[in-house]
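What follows is upload-v6.txt (compact mmCIF, C-alpha atoms and all ligand atoms).
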```txt
# COMPACT_ATOMS: atom_id res chain seq x y z
CA MET C 117 -22.23 11.54 4.13
CA LEU C 118 -21.76 13.97 6.96
CA GLY C 119 -18.09 14.90 6.56
CA ASN C 120 -16.55 17.92 4.83
CA PHE C 121 -13.78 17.20 2.36
CA SER C 122 -11.99 18.09 -0.82
CA TYR C 123 -11.01 15.62 -3.51
CA CYS C 124 -8.29 15.93 -6.11
CA ASN C 125 -6.24 13.21 -7.71
CA PRO C 126 -4.03 14.42 -10.55
CA THR C 127 -2.33 11.09 -11.44
CA LYS C 128 -2.95 10.16 -15.07
CA LEU C 129 -3.39 6.41 -15.48
CA TYR C 130 -2.73 4.27 -18.54
CA PHE C 131 -4.20 0.81 -18.08
CA GLY C 132 -4.00 -2.42 -20.08
CA ASP C 133 -1.56 -4.70 -21.84
CA GLU C 134 -0.49 -1.99 -24.29
CA SER C 135 -0.15 0.77 -21.74
CA LEU C 136 3.66 1.02 -21.83
CA ASN C 137 3.37 2.67 -25.27
CA TYR C 138 1.99 5.73 -23.48
CA LEU C 139 5.38 6.34 -21.93
CA ASN C 140 6.07 7.91 -25.34
CA THR C 141 3.18 10.32 -24.71
CA GLU C 142 4.40 11.29 -21.24
CA LEU C 143 8.17 11.58 -21.65
CA PRO C 144 8.19 14.66 -23.94
CA LYS C 145 6.51 16.62 -21.12
CA TYR C 146 9.68 16.46 -19.01
CA GLY C 147 13.31 17.55 -19.35
CA LYS C 148 16.14 15.41 -20.67
CA ASN C 149 17.51 14.00 -17.43
CA VAL C 150 15.65 10.93 -16.26
CA VAL C 151 16.57 8.82 -13.24
CA LEU C 152 15.35 5.27 -13.69
CA VAL C 153 14.56 3.78 -10.27
CA TYR C 154 14.13 0.03 -9.79
CA GLY C 155 14.50 -2.84 -7.35
CA GLY C 156 16.59 -5.96 -7.03
CA GLY C 157 16.47 -7.14 -10.62
CA SER C 158 13.06 -8.67 -11.38
CA ILE C 159 12.58 -6.15 -14.21
CA LYS C 160 15.80 -7.32 -15.83
CA LYS C 161 14.65 -10.95 -15.74
CA ASN C 162 11.19 -10.34 -17.18
CA GLY C 163 12.28 -7.89 -19.89
CA ILE C 164 10.47 -4.77 -18.62
CA TYR C 165 13.82 -3.03 -18.09
CA ASP C 166 14.83 -3.43 -21.75
CA ASP C 167 11.47 -2.19 -22.99
CA VAL C 168 11.55 0.90 -20.75
CA VAL C 169 15.16 1.76 -21.58
CA LYS C 170 14.41 1.49 -25.31
CA ILE C 171 11.55 3.98 -24.98
CA LEU C 172 13.74 6.33 -22.93
CA LYS C 173 16.44 6.19 -25.60
CA ASP C 174 13.93 6.66 -28.43
CA ASN C 175 12.89 9.82 -26.63
CA ASN C 176 16.53 11.01 -26.39
CA LYS C 177 16.63 10.93 -22.63
CA ASN C 178 19.82 11.13 -20.65
CA ILE C 179 19.51 8.23 -18.19
CA ALA C 180 20.95 7.65 -14.71
CA GLU C 181 19.93 4.71 -12.56
CA ILE C 182 19.11 4.02 -8.93
CA SER C 183 19.01 0.24 -8.69
CA GLY C 184 18.66 -2.19 -5.80
CA VAL C 185 15.78 -0.45 -4.05
CA MET C 186 14.84 -3.13 -1.54
CA PRO C 187 11.38 -4.11 -0.30
CA ASN C 188 10.70 -1.83 2.69
CA PRO C 189 13.23 0.76 1.41
CA THR C 190 15.69 2.04 3.98
CA LEU C 191 16.82 5.50 4.97
CA ASN C 192 20.43 4.73 4.00
CA LYS C 193 19.27 3.77 0.53
CA LEU C 194 17.34 7.05 0.38
CA TYR C 195 20.51 9.05 1.12
CA GLU C 196 22.27 7.18 -1.71
CA GLY C 197 19.45 7.93 -4.19
CA ILE C 198 19.29 11.62 -3.28
CA LYS C 199 22.97 11.96 -4.27
CA ILE C 200 22.42 10.22 -7.62
CA ALA C 201 19.38 12.36 -8.46
CA ARG C 202 21.23 15.55 -7.45
CA ASN C 203 24.31 14.71 -9.53
CA HIS C 204 22.12 13.94 -12.53
CA ASN C 205 20.08 17.13 -12.22
CA ALA C 206 16.98 14.97 -12.46
CA ASP C 207 13.96 16.27 -14.38
CA LEU C 208 11.93 13.09 -13.86
CA LEU C 209 12.17 10.10 -11.53
CA LEU C 210 10.80 7.05 -13.34
CA ALA C 211 9.90 4.32 -10.83
CA VAL C 212 9.68 0.86 -12.41
CA GLY C 213 8.61 -1.66 -9.77
CA GLY C 214 6.26 -2.14 -6.86
CA GLY C 215 5.20 0.02 -3.95
CA SER C 216 8.72 0.09 -2.53
CA VAL C 217 10.24 1.60 -5.69
CA CYS C 218 7.36 4.01 -6.10
CA ASP C 219 7.38 5.12 -2.43
CA TYR C 220 11.15 5.49 -2.54
CA SER C 221 11.01 7.67 -5.65
CA LYS C 222 8.57 10.01 -3.91
CA ALA C 223 10.98 10.21 -0.95
CA VAL C 224 13.84 11.12 -3.31
CA SER C 225 11.57 13.62 -5.06
CA VAL C 226 10.88 15.63 -1.91
CA SER C 227 14.49 15.42 -0.68
CA VAL C 228 16.68 16.32 -3.68
CA ASN C 229 16.37 20.08 -3.23
CA CYS C 230 15.87 19.97 0.52
CA GLN C 231 18.69 21.07 2.84
CA GLU C 232 17.21 19.45 5.95
CA ASP C 233 17.50 15.79 6.89
CA PRO C 234 14.58 13.99 5.18
CA TRP C 235 14.07 11.46 8.00
CA GLU C 236 13.74 14.23 10.56
CA LYS C 237 11.64 16.51 8.36
CA TYR C 238 9.25 14.10 6.65
CA TYR C 239 9.10 10.96 8.79
CA LEU C 240 9.51 12.24 12.35
CA LYS C 241 8.01 15.74 12.09
CA PHE C 242 5.63 14.92 9.19
CA GLU C 243 6.36 18.27 7.52
CA GLU C 244 5.44 19.08 3.95
CA PRO C 245 8.15 19.89 1.38
CA THR C 246 9.29 23.51 1.38
CA CYS C 247 11.58 23.01 -1.63
CA GLU C 248 11.02 22.25 -5.29
CA THR C 249 10.09 18.58 -5.84
CA ILE C 250 10.97 16.38 -8.83
CA PRO C 251 8.07 14.80 -10.78
CA VAL C 252 7.63 11.05 -10.37
CA GLY C 253 6.22 8.67 -13.00
CA CYS C 254 5.53 5.03 -12.33
CA VAL C 255 5.49 1.76 -14.28
CA LEU C 256 3.89 -0.64 -11.82
CA THR C 257 5.01 -4.28 -11.61
CA MET C 258 3.60 -5.39 -8.22
CA VAL C 259 0.04 -4.76 -7.12
CA GLY C 260 -1.13 -3.86 -3.63
CA THR C 261 0.00 -0.60 -2.11
CA GLY C 262 -1.86 1.92 -4.27
CA SER C 263 1.36 3.95 -4.32
CA GLU C 264 0.82 4.42 -8.07
CA MET C 265 -2.00 6.90 -7.38
CA ASN C 266 -1.38 8.31 -3.92
CA ALA C 267 1.04 10.55 -2.05
CA GLY C 268 2.16 7.92 0.46
CA SER C 269 5.82 7.08 1.02
CA VAL C 270 7.00 4.56 3.61
CA ILE C 271 10.67 4.45 4.68
CA THR C 272 12.37 2.19 7.23
CA ASN C 273 15.11 3.38 9.53
CA SER C 274 16.96 0.10 10.13
CA GLU C 275 18.99 1.53 13.00
CA THR C 276 15.98 2.57 15.12
CA LYS C 277 13.74 -0.17 13.64
CA GLN C 278 11.10 2.44 12.81
CA LYS C 279 9.03 1.96 9.67
CA ILE C 280 7.12 5.18 9.09
CA GLY C 281 4.77 6.24 6.32
CA HIS C 282 4.08 9.84 5.39
CA VAL C 283 1.03 10.55 3.29
CA PHE C 284 1.88 13.95 1.86
CA ALA C 285 -0.93 16.50 1.73
CA ASP C 286 0.29 18.06 -1.50
CA GLU C 287 -1.13 16.27 -4.57
CA LYS C 288 2.05 17.24 -6.44
CA ILE C 289 3.76 14.33 -4.66
CA MET C 290 1.44 11.81 -6.30
CA PRO C 291 2.92 10.25 -9.43
CA ARG C 292 2.22 12.50 -12.43
CA PHE C 293 1.40 9.37 -14.41
CA SER C 294 1.26 5.63 -13.79
CA ILE C 295 1.36 2.82 -16.30
CA LEU C 296 -0.61 -0.24 -15.21
CA ASN C 297 -0.10 -3.36 -17.29
CA PRO C 298 -1.68 -6.40 -15.58
CA LYS C 299 0.63 -8.70 -17.57
CA TYR C 300 3.62 -7.27 -15.72
CA THR C 301 2.29 -8.72 -12.48
CA MET C 302 2.24 -12.28 -13.78
CA THR C 303 5.89 -12.98 -12.98
CA LEU C 304 5.31 -12.22 -9.29
CA PRO C 305 5.91 -15.18 -6.97
CA HIS C 306 2.69 -16.51 -5.37
CA TYR C 307 3.80 -15.20 -1.96
CA GLN C 308 4.00 -11.63 -3.29
CA MET C 309 0.76 -11.94 -5.24
CA VAL C 310 -1.30 -12.96 -2.22
CA SER C 311 0.50 -10.52 0.04
CA GLY C 312 -0.53 -7.75 -2.34
CA ILE C 313 -4.10 -9.03 -2.45
CA TYR C 314 -4.34 -8.93 1.32
CA ASP C 315 -2.79 -5.44 1.38
CA ILE C 316 -5.54 -4.24 -0.96
CA PHE C 317 -8.26 -5.85 1.16
CA ASN C 318 -6.90 -4.33 4.32
CA HIS C 319 -6.66 -0.84 2.79
CA ILE C 320 -10.38 -1.06 2.11
CA CYS C 321 -11.12 -2.43 5.61
CA GLU C 322 -9.16 0.36 7.30
CA GLN C 323 -11.39 2.94 5.61
CA TYR C 324 -14.61 0.93 5.92
CA PHE C 325 -14.47 0.10 9.64
CA SER C 326 -15.05 3.60 10.94
CA GLY C 327 -17.85 6.13 11.22
CA ASP C 328 -21.57 5.61 11.80
CA ASP C 329 -23.16 7.70 9.06
CA ASP C 330 -24.72 6.37 5.88
CA ASN C 331 -21.79 7.01 3.54
CA THR C 332 -21.39 6.39 -0.20
CA SER C 333 -17.74 5.53 0.47
CA ASP C 334 -18.87 2.37 2.34
CA TYR C 335 -20.99 1.19 -0.59
CA ILE C 336 -18.06 1.69 -2.99
CA SER C 337 -15.83 -0.19 -0.54
CA GLU C 338 -18.21 -3.15 -0.42
CA GLY C 339 -18.19 -3.35 -4.22
CA LEU C 340 -14.39 -3.23 -4.30
CA MET C 341 -14.14 -5.96 -1.64
CA ARG C 342 -16.58 -8.23 -3.47
CA SER C 343 -14.68 -7.81 -6.72
CA LEU C 344 -11.36 -8.48 -5.00
CA ILE C 345 -12.58 -11.62 -3.22
CA HIS C 346 -14.00 -12.95 -6.49
CA SER C 347 -10.91 -12.24 -8.61
CA SER C 348 -8.43 -13.31 -5.94
CA LYS C 349 -9.95 -16.79 -5.79
CA ILE C 350 -9.55 -17.12 -9.56
CA ALA C 351 -5.99 -15.73 -9.59
CA ASN C 352 -4.99 -17.95 -6.66
CA LYS C 353 -5.81 -21.06 -8.70
CA ASP C 354 -4.90 -19.63 -12.11
CA PRO C 355 -2.30 -16.84 -11.77
CA GLU C 356 -2.16 -16.42 -15.57
CA ASN C 357 -5.82 -15.38 -15.74
CA TYR C 358 -5.54 -11.90 -17.27
CA GLU C 359 -9.08 -10.84 -16.43
CA ALA C 360 -8.66 -11.65 -12.73
CA ARG C 361 -5.19 -10.06 -12.53
CA SER C 362 -6.45 -6.95 -14.24
CA ASN C 363 -9.43 -6.59 -11.89
CA ILE C 364 -7.08 -6.99 -8.93
CA MET C 365 -4.77 -4.31 -10.32
CA TRP C 366 -7.59 -1.81 -10.81
CA THR C 367 -9.11 -2.55 -7.40
CA ALA C 368 -5.72 -1.94 -5.75
CA THR C 369 -5.51 1.52 -7.25
CA TRP C 370 -9.01 2.53 -6.11
CA ALA C 371 -8.53 0.98 -2.68
CA LEU C 372 -5.93 3.58 -1.75
CA ASN C 373 -6.16 6.64 -3.97
CA THR C 374 -8.11 8.52 -1.25
CA LEU C 375 -11.56 8.01 -2.85
CA VAL C 376 -13.07 5.59 -0.32
CA ALA C 377 -11.72 7.58 2.62
CA LYS C 378 -13.88 10.55 1.70
CA GLY C 379 -16.18 11.66 4.48
CA LYS C 380 -14.65 9.12 6.87
CA PRO C 381 -12.25 9.11 9.82
CA PRO C 382 -10.19 6.10 8.65
CA ASP C 383 -8.78 3.66 11.18
CA TRP C 384 -5.24 2.52 10.00
CA MET C 385 -4.40 0.70 13.26
CA VAL C 386 -3.83 -2.60 11.43
CA HIS C 387 -1.25 -0.80 9.30
CA MET C 388 0.38 0.75 12.38
CA LEU C 389 0.65 -2.69 14.00
CA GLY C 390 1.84 -4.31 10.76
CA GLN C 391 4.41 -1.58 10.13
CA ALA C 392 5.80 -1.93 13.65
CA VAL C 393 6.19 -5.69 13.10
CA GLY C 394 7.75 -4.92 9.70
CA GLY C 395 10.23 -2.48 11.25
CA TYR C 396 11.38 -5.26 13.58
CA THR C 397 11.42 -8.16 11.17
CA ASN C 398 11.62 -6.69 7.63
CA ALA C 399 8.71 -9.02 6.76
CA THR C 400 6.63 -8.52 3.60
CA HIS C 401 4.15 -5.68 4.12
CA GLY C 402 0.85 -7.38 3.19
CA MET C 403 1.77 -10.45 5.24
CA THR C 404 2.38 -8.38 8.37
CA LEU C 405 -1.14 -6.99 7.98
CA ALA C 406 -2.65 -10.44 7.48
CA ALA C 407 -0.97 -11.73 10.63
CA VAL C 408 -2.39 -9.04 12.94
CA SER C 409 -5.77 -8.40 11.26
CA LEU C 410 -8.09 -11.02 12.72
CA PRO C 411 -6.97 -10.54 16.33
CA TYR C 412 -7.41 -6.78 15.79
CA TYR C 413 -10.88 -7.05 14.25
CA ARG C 414 -12.10 -9.54 16.85
CA TYR C 415 -10.82 -7.16 19.54
CA ILE C 416 -12.65 -4.08 18.20
CA MET C 417 -15.78 -5.87 16.93
CA PRO C 418 -17.94 -5.16 20.01
CA PHE C 419 -17.29 -1.42 19.56
CA GLY C 420 -18.43 -1.37 15.92
CA LEU C 421 -20.89 -4.24 15.87
CA GLU C 422 -23.30 -2.66 13.37
CA LYS C 423 -20.58 -2.26 10.75
CA PHE C 424 -19.20 -5.76 11.32
CA LYS C 425 -22.72 -7.13 10.86
CA ARG C 426 -23.11 -5.16 7.63
CA PHE C 427 -19.67 -6.44 6.48
CA ALA C 428 -20.78 -10.03 7.10
CA ILE C 429 -24.02 -9.64 5.13
CA ASN C 430 -22.96 -7.34 2.28
CA VAL C 431 -19.42 -8.60 1.68
CA TRP C 432 -19.53 -12.26 2.75
CA ASN C 433 -23.21 -13.08 2.03
CA VAL C 434 -23.84 -14.28 5.56
CA ASN C 435 -27.52 -15.19 6.06
CA PRO C 436 -28.69 -13.17 9.10
CA GLN C 437 -31.90 -15.13 9.76
CA GLY C 438 -32.35 -16.33 13.33
CA LYS C 439 -28.91 -15.07 14.44
CA SER C 440 -27.87 -12.40 16.92
CA ASP C 441 -25.83 -9.40 15.70
CA GLY C 442 -22.74 -10.86 17.39
CA GLN C 443 -23.19 -14.23 15.67
CA ILE C 444 -23.64 -12.60 12.26
CA ALA C 445 -20.57 -10.41 12.76
CA GLU C 446 -18.42 -13.36 13.88
CA GLU C 447 -19.60 -15.43 10.91
CA GLY C 448 -18.35 -12.62 8.64
CA LEU C 449 -14.92 -12.72 10.24
CA LYS C 450 -14.88 -16.53 9.98
CA ALA C 451 -15.60 -16.25 6.25
CA MET C 452 -12.78 -13.74 5.94
CA GLU C 453 -10.49 -16.11 7.86
CA SER C 454 -11.21 -19.04 5.55
CA TRP C 455 -10.61 -16.83 2.47
CA MET C 456 -7.24 -15.76 3.94
CA LYS C 457 -6.33 -19.41 4.55
CA GLU C 458 -7.42 -20.33 1.03
CA LEU C 459 -5.05 -17.67 -0.36
CA GLY C 460 -2.27 -18.84 1.94
CA VAL C 461 -1.38 -15.58 3.67
CA VAL C 462 0.60 -15.54 6.92
CA MET C 463 -1.76 -15.84 9.91
CA ASN C 464 0.66 -15.35 12.87
CA ILE C 465 3.52 -12.95 13.57
CA SER C 466 5.55 -15.81 15.06
CA GLU C 467 6.12 -16.89 11.44
CA PHE C 468 8.31 -13.79 11.04
CA GLY C 469 10.33 -14.74 14.12
CA VAL C 470 8.44 -12.55 16.59
CA THR C 471 8.53 -13.95 20.14
CA LYS C 472 6.63 -13.00 23.30
CA GLU C 473 9.78 -11.27 24.60
CA MET C 474 9.80 -8.90 21.60
CA ILE C 475 6.23 -7.65 22.05
CA GLU C 476 7.05 -4.75 24.42
CA ASN C 477 9.69 -3.43 22.02
CA ILE C 478 7.34 -3.69 19.05
CA ALA C 479 4.68 -1.86 21.07
CA ASP C 480 7.20 0.92 21.69
CA VAL C 481 7.46 1.67 17.96
CA THR C 482 3.74 1.24 17.22
CA ILE C 483 2.22 4.59 16.33
CA ILE C 484 -1.29 4.89 17.81
CA LEU C 485 -3.84 6.61 15.59
CA LYS C 486 -7.43 7.60 16.27
CA GLY C 487 -10.34 6.98 13.94
CA GLY C 488 -11.29 3.34 14.51
CA TYR C 489 -14.17 2.00 16.58
CA LYS C 490 -11.98 1.59 19.66
CA GLU C 491 -9.42 4.16 20.69
CA PHE C 492 -6.22 2.26 21.44
CA ASP C 493 -3.61 2.64 24.14
CA ARG C 494 -0.34 0.74 24.67
CA ASN C 495 -2.11 -2.05 26.56
CA ASP C 496 -4.50 -2.66 23.66
CA VAL C 497 -1.52 -2.81 21.30
CA ILE C 498 0.17 -5.41 23.48
CA LYS C 499 -2.98 -7.52 23.75
CA VAL C 500 -3.53 -7.61 19.97
CA LEU C 501 0.16 -8.38 19.32
CA GLU C 502 0.03 -11.24 21.86
CA GLU C 503 -3.11 -12.60 20.21
CA SER C 504 -1.29 -12.45 16.87
CA LEU C 505 1.63 -14.66 17.97
O1 LIG V 601 13.11 -5.84 -6.15
P1 LIG V 601 12.65 -6.72 -7.27
O2 LIG V 601 13.69 -7.62 -7.79
O3 LIG V 601 11.98 -5.92 -8.36
O4 LIG V 601 11.56 -7.73 -6.63
C1 LIG V 601 10.35 -7.28 -6.04
C2 LIG V 601 10.36 -7.39 -4.51
O5 LIG V 601 11.25 -8.38 -4.08
C3 LIG V 601 9.27 -8.23 -6.42
N1 LIG V 601 8.59 -7.90 -7.67
C4 LIG V 601 7.95 -6.74 -7.98
N2 LIG V 601 7.40 -6.83 -9.19
C5 LIG V 601 7.70 -8.07 -9.67
C6 LIG V 601 8.47 -8.75 -8.70
N3 LIG V 601 8.93 -9.99 -8.89
C7 LIG V 601 8.63 -10.60 -10.05
N4 LIG V 601 7.86 -10.02 -11.00
C8 LIG V 601 7.38 -8.77 -10.85
N5 LIG V 601 6.59 -8.23 -11.78
O6 LIG V 601 8.31 -8.16 -5.39
C9 LIG V 601 8.97 -7.87 -4.16
C10 LIG V 601 8.14 -6.88 -3.38
O7 LIG V 601 8.10 -5.64 -4.02
P2 LIG V 601 7.65 -4.35 -3.20
O8 LIG V 601 7.70 -3.18 -4.10
O9 LIG V 601 8.41 -4.28 -1.92
O10 LIG V 601 6.13 -4.71 -2.82
P3 LIG V 601 4.91 -3.80 -2.51
O11 LIG V 601 4.32 -3.26 -3.76
O12 LIG V 601 4.04 -4.58 -1.62
O13 LIG V 601 5.49 -2.54 -1.69
C11 LIG V 601 5.73 -2.62 -0.32
C12 LIG V 601 6.14 -1.27 0.26
O14 LIG V 601 5.09 -0.29 0.09
C13 LIG V 601 4.73 0.26 1.37
C14 LIG V 601 5.04 -0.89 2.31
O15 LIG V 601 5.11 -0.50 3.65
C15 LIG V 601 6.35 -1.39 1.76
O16 LIG V 601 7.43 -0.60 2.20
N6 LIG V 601 3.35 0.77 1.35
C16 LIG V 601 3.08 1.91 0.69
C17 LIG V 601 1.83 2.51 0.71
C18 LIG V 601 1.51 3.76 0.01
N7 LIG V 601 2.38 4.34 -0.77
O17 LIG V 601 0.40 4.28 0.17
C19 LIG V 601 0.74 1.95 1.48
C20 LIG V 601 0.94 0.53 1.85
O18 LIG V 601 0.07 0.25 2.94
C21 LIG V 601 2.35 0.17 2.21
O19 LIG V 601 2.63 0.55 3.55
ZN ZN V 602 -0.78 -1.50 3.01
```

Just give me the structure of the file as C-alpha cells.
Amino acid sequence: MLGNFSYCNPTKLYFGDESLNYLNTELPKYGKNVVLVYGGGSIKKNGIYDDVVKILKDNNKNIAEISGVMPNPTLNKLYEGIKIARNHNADLLLAVGGGSVCDYSKAVSVSVNCQEDPWEKYYLKFEEPTCETIPVGCVLTMVGTGSEMNAGSVITNSETKQKIGHVFADEKIMPRFSILNPKYTMTLPHYQMVSGIYDIFNHICEQYFSGDDDNTSDYISEGLMRSLIHSSKIANKDPENYEARSNIMWTATWALNTLVAKGKPPDWMVHMLGQAVGGYTNATHGMTLAAVSLPYYRYIMPFGLEKFKRFAINVWNVNPQGKSDGQIAEEGLKAMESWMKELGVVMNISEFGVTKEMIENIADVTIILKGGYKEFDRNDVIKVLEESL
C-alpha cells in the first residue's frame, strides 16, 4: 500500500437474528425524545414496526414519527422531516428501513439545527455541518447501500432532477449503532434483493478498479466479491436461506464502510452514471448501476487491463492458459455478465424508459469524478450511456 490515510469507524454493530434486543442496550444512552423514521409501510406489514415501538415504549421514550420516506428520498420530504424533528426536540433519530431511510435520517440529523438551506449547503457546496447534529441509530431491513456503517447520504431534488450523494467527512454522521438482523431482509421482493446484491458488488468494484500498487484492500475486496457471488447464487434460488442472506448482509456492510477504499483513489463513475439515470427516472438504485456497468467496464478495460485480468482470474476463476491479457479480461466480464443475468438484474437503461433523446440531458447532470483508470469527459459519459440503452 502506497497511500496515506486514517481509518475510524465508530458505528457499533449488533448482528444476528436476536440483534433487535440490543436496542434495549442502546436506547438508555440517549434522551427521551426519539423520532422513528421509516418508509412506505413494509415494516408495518412484517411486524418490525410493532417490535421496535414496544422496545421504545419499554424504555419510556417519547415517540414522534416520520413515515413515508420514499426510495430515493426527495428534498421536499427532507424539509418535512426537519420540521418534525425540530418540533419534537429530537434526541435520537431511529431509522428503521433500507438505505433510503438511513440516508434520509442522516440528512435530517445535519439539518435540524442548521439555519442554511440543506440542499445548497450539503448537496451543492458539499460543506460539512457547522451546527450540532442529532445522533442516528439504524435498524436495517434492506441490504445493499452500506448506509448502516457509513456517512453517506443521497438526496434527490425532483425539480432539478439531480440525485446527489454527500459522504460526510465527520464520523459523527455515521450511525451510532446499527442493528443487522438477516431475517428482516427475507420479506424483500426478489427485485429489491437482487438490486441490493448488485449494489454491493458494484461498491466493491468501484474501489477495486483503481490504482496500480499492491494493496491489501484489493485482496480483501476479492474475498468479499467471492463470498457475495457464492451466497447470491444460493439466495437467488432459495431466498429463505438464512446463511446466504446473512453473508450477503455482512458483505454489504464491509463493502462500503470505507475499509476497502483505504490506500486507494476509488473510481465511483458507475455510481455517478447510475445516479444521473436515477435522478431522471427514479429507478431503483442497484438496477441503475447494473444497467450501466458492463458498457462502462468494457469502455475502461484497455486502460486498466492488468486489474481486469486479475479480476477475471481471482474473482471469476478464469483459466489464463494460452490466452492474451485482453482475452482473459473479457472472459472475466463475460462471467460477470452471466452472473448478472442469472440474478435477473436490469441490463439496459431503456428498461427505465430512457431514450436516445434523453441522453444529453442525463449527461448534463452526471457528475464526473477522477480516480478510475480512464479520466472521463462529457463525450465519454455520452458514449457509455448510449452503449447502455
Ligand atoms: O418503503 P418501504 O415500504 O419500507 O419499502 C422499501 C422500498 O420500497 C422496501 N423494503 C425495505 N425493506 C424491506 C422492504 N420491503 C419488504 N421487506 C423489507 N424488509 O424496499 C424498497 C427499497 O428500499 P430503499 O431503502 O430505497 O433501498 P436501498 O437500501 O437500496 O436504498 C437506496 C437509497 O440509498 C442510496 C441510493 O442512492 C438510494 O437513494 N445509496 C446510499 C449510499 C450510502 N449511504 O453510502 C450508497 C449507495 O450507493 C446508494 O447511492
Ligand atoms: Zn450504491

Padding of 5 Å on every side, edges along x, y and z, all listed atoms of ligand LIG 601 (chain V) included: what centre and edge lengths in Å, to one decimal, does that box have, as lines of an AutoDock Vina configuration file?
```
center_x = 6.9
center_y = -3.1
center_z = -4.1
size_x = 23.6
size_y = 24.9
size_z = 25.4
```

- Message: Report as a ChimeraX atom specification all protein, DNA and RNA residues lying within 7 Å of range 319-334 of chain C, evaluated on only C-alpha atoms, omitting residues in the same chain fewer than 5 positions from it.
- Response: /C:117-118,371-372,376-378,380-384,423,487-489

- Message: Let me see if you get this right: every residue at most 8 Å from ligand ZN 602 (chain V), counting all atoms listed in the file, written as a VMD selection string.
- Response: chain C and resid 260 to 261 315 to 316 318 to 319 387 401 to 402 405

- Task: Could you check which of C:Ile271, C:Leu194, C:Leu389, C:Ile159 is closest to Thr303 in chain C, using all atoms listed in the file?
- Result: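 Among the listed residues, C:Ile159 lies closest to Thr303 in chain C.
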
- Query: Which residue out of C:Leu240, C:Met290, C:Cys124, C:Ile345 has the minimum interatomic distance to ligand LIG 601 (chain V) when only C-alpha atoms and all ligand atoms are used?
  - Reply: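 Using only C-alpha atoms and all ligand atoms, the shortest distance to ligand LIG 601 (chain V) belongs to C:Met290.
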
- Query: Excluding same-chain residues fewer than 3 positions from Ile465 in chain C, what lies within 12 Å of it counting all atoms listed in the file, as a PyMOL selection string?
  - Reply: chain C and resi 389-394+396-401+403-411+461-462+468-472+474-475+478+500-505

- Task: Could you give me the residues within 7 Å of ligand LIG 601 (chain V), counting only C-alpha atoms and all ligand atoms, as a ChimeraX atom specification?
- Result: /C:154-159,184-189,213-217,219,257-263,266-271,281,300-305,308,312,315,319,372,387,391,401-402

Could you write those residues out with C-alpha atoms, as a short mmCIF file (atom, residue, chain, number, x, y, z; two decimals), in the coordinates of the input?
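Writing the result to result.cif gives the following:
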```cif
data_model
loop_
_atom_site.label_atom_id
_atom_site.label_comp_id
_atom_site.auth_asym_id
_atom_site.auth_seq_id
_atom_site.Cartn_x
_atom_site.Cartn_y
_atom_site.Cartn_z
CA TYR C 154 14.13 0.03 -9.79
CA GLY C 155 14.50 -2.84 -7.35
CA GLY C 156 16.59 -5.96 -7.03
CA GLY C 157 16.47 -7.14 -10.62
CA SER C 158 13.06 -8.67 -11.38
CA ILE C 159 12.58 -6.15 -14.21
CA GLY C 184 18.66 -2.19 -5.80
CA VAL C 185 15.78 -0.45 -4.05
CA MET C 186 14.84 -3.13 -1.54
CA PRO C 187 11.38 -4.11 -0.30
CA ASN C 188 10.70 -1.83 2.69
CA PRO C 189 13.23 0.76 1.41
CA GLY C 213 8.61 -1.66 -9.77
CA GLY C 214 6.26 -2.14 -6.86
CA GLY C 215 5.20 0.02 -3.95
CA SER C 216 8.72 0.09 -2.53
CA VAL C 217 10.24 1.60 -5.69
CA ASP C 219 7.38 5.12 -2.43
CA THR C 257 5.01 -4.28 -11.61
CA MET C 258 3.60 -5.39 -8.22
CA VAL C 259 0.04 -4.76 -7.12
CA GLY C 260 -1.13 -3.86 -3.63
CA THR C 261 0.00 -0.60 -2.11
CA GLY C 262 -1.86 1.92 -4.27
CA SER C 263 1.36 3.95 -4.32
CA ASN C 266 -1.38 8.31 -3.92
CA ALA C 267 1.04 10.55 -2.05
CA GLY C 268 2.16 7.92 0.46
CA SER C 269 5.82 7.08 1.02
CA VAL C 270 7.00 4.56 3.61
CA ILE C 271 10.67 4.45 4.68
CA GLY C 281 4.77 6.24 6.32
CA TYR C 300 3.62 -7.27 -15.72
CA THR C 301 2.29 -8.72 -12.48
CA MET C 302 2.24 -12.28 -13.78
CA THR C 303 5.89 -12.98 -12.98
CA LEU C 304 5.31 -12.22 -9.29
CA PRO C 305 5.91 -15.18 -6.97
CA GLN C 308 4.00 -11.63 -3.29
CA GLY C 312 -0.53 -7.75 -2.34
CA ASP C 315 -2.79 -5.44 1.38
CA HIS C 319 -6.66 -0.84 2.79
CA LEU C 372 -5.93 3.58 -1.75
CA HIS C 387 -1.25 -0.80 9.30
CA GLN C 391 4.41 -1.58 10.13
CA HIS C 401 4.15 -5.68 4.12
CA GLY C 402 0.85 -7.38 3.19
#
```

Residue contacts of Thr272 in chain C (8 Å, only C-alpha atoms) excluding same-chain residues fewer than 5 positions away, as a short mmCIF file (atom, residue, chain, number, x, y, z; two decimals) with C-alpha atoms, in the frame of the given file:
```cif
data_model
loop_
_atom_site.label_atom_id
_atom_site.label_comp_id
_atom_site.auth_asym_id
_atom_site.auth_seq_id
_atom_site.Cartn_x
_atom_site.Cartn_y
_atom_site.Cartn_z
CA ASN C 188 10.70 -1.83 2.69
CA PRO C 189 13.23 0.76 1.41
CA THR C 190 15.69 2.04 3.98
CA LEU C 191 16.82 5.50 4.97
CA LYS C 277 13.74 -0.17 13.64
CA GLN C 278 11.10 2.44 12.81
CA LYS C 279 9.03 1.96 9.67
CA ILE C 280 7.12 5.18 9.09
CA GLY C 395 10.23 -2.48 11.25
#
```

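Relative to CA of His204 in chain C, CA of Ser294 in chain C is found at 22.5 Å.
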
Residues near range 120-123 of chain C, cut-off 9 Å, all atoms listed in the file, skip fewer than 4 positions along chain, as a compact mmCIF listing (two decimals) with C-alpha atoms, in the frame of the given file:
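selection_4.txt, freshly written:
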```
# COMPACT_ATOMS: atom_id res chain seq x y z
CA THR C 374 -8.11 8.52 -1.25
CA LEU C 375 -11.56 8.01 -2.85
CA LYS C 378 -13.88 10.55 1.70
CA GLY C 379 -16.18 11.66 4.48
```

- Message: What's the separation between CA of Leu129 in chain C and CA of Ile289 in chain C, in Å to one decimal place?
- Response: 15.2 Å

- Compare C:Asn464, C:Glu447, C:Gln437, C:Glu491 by their minimum atom-to-atom distance to Phe419 in chain C, counting all atoms listed in the file, and give me the closest one.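 Among the listed residues, the smallest separation from Phe419 in chain C belongs to C:Glu491.
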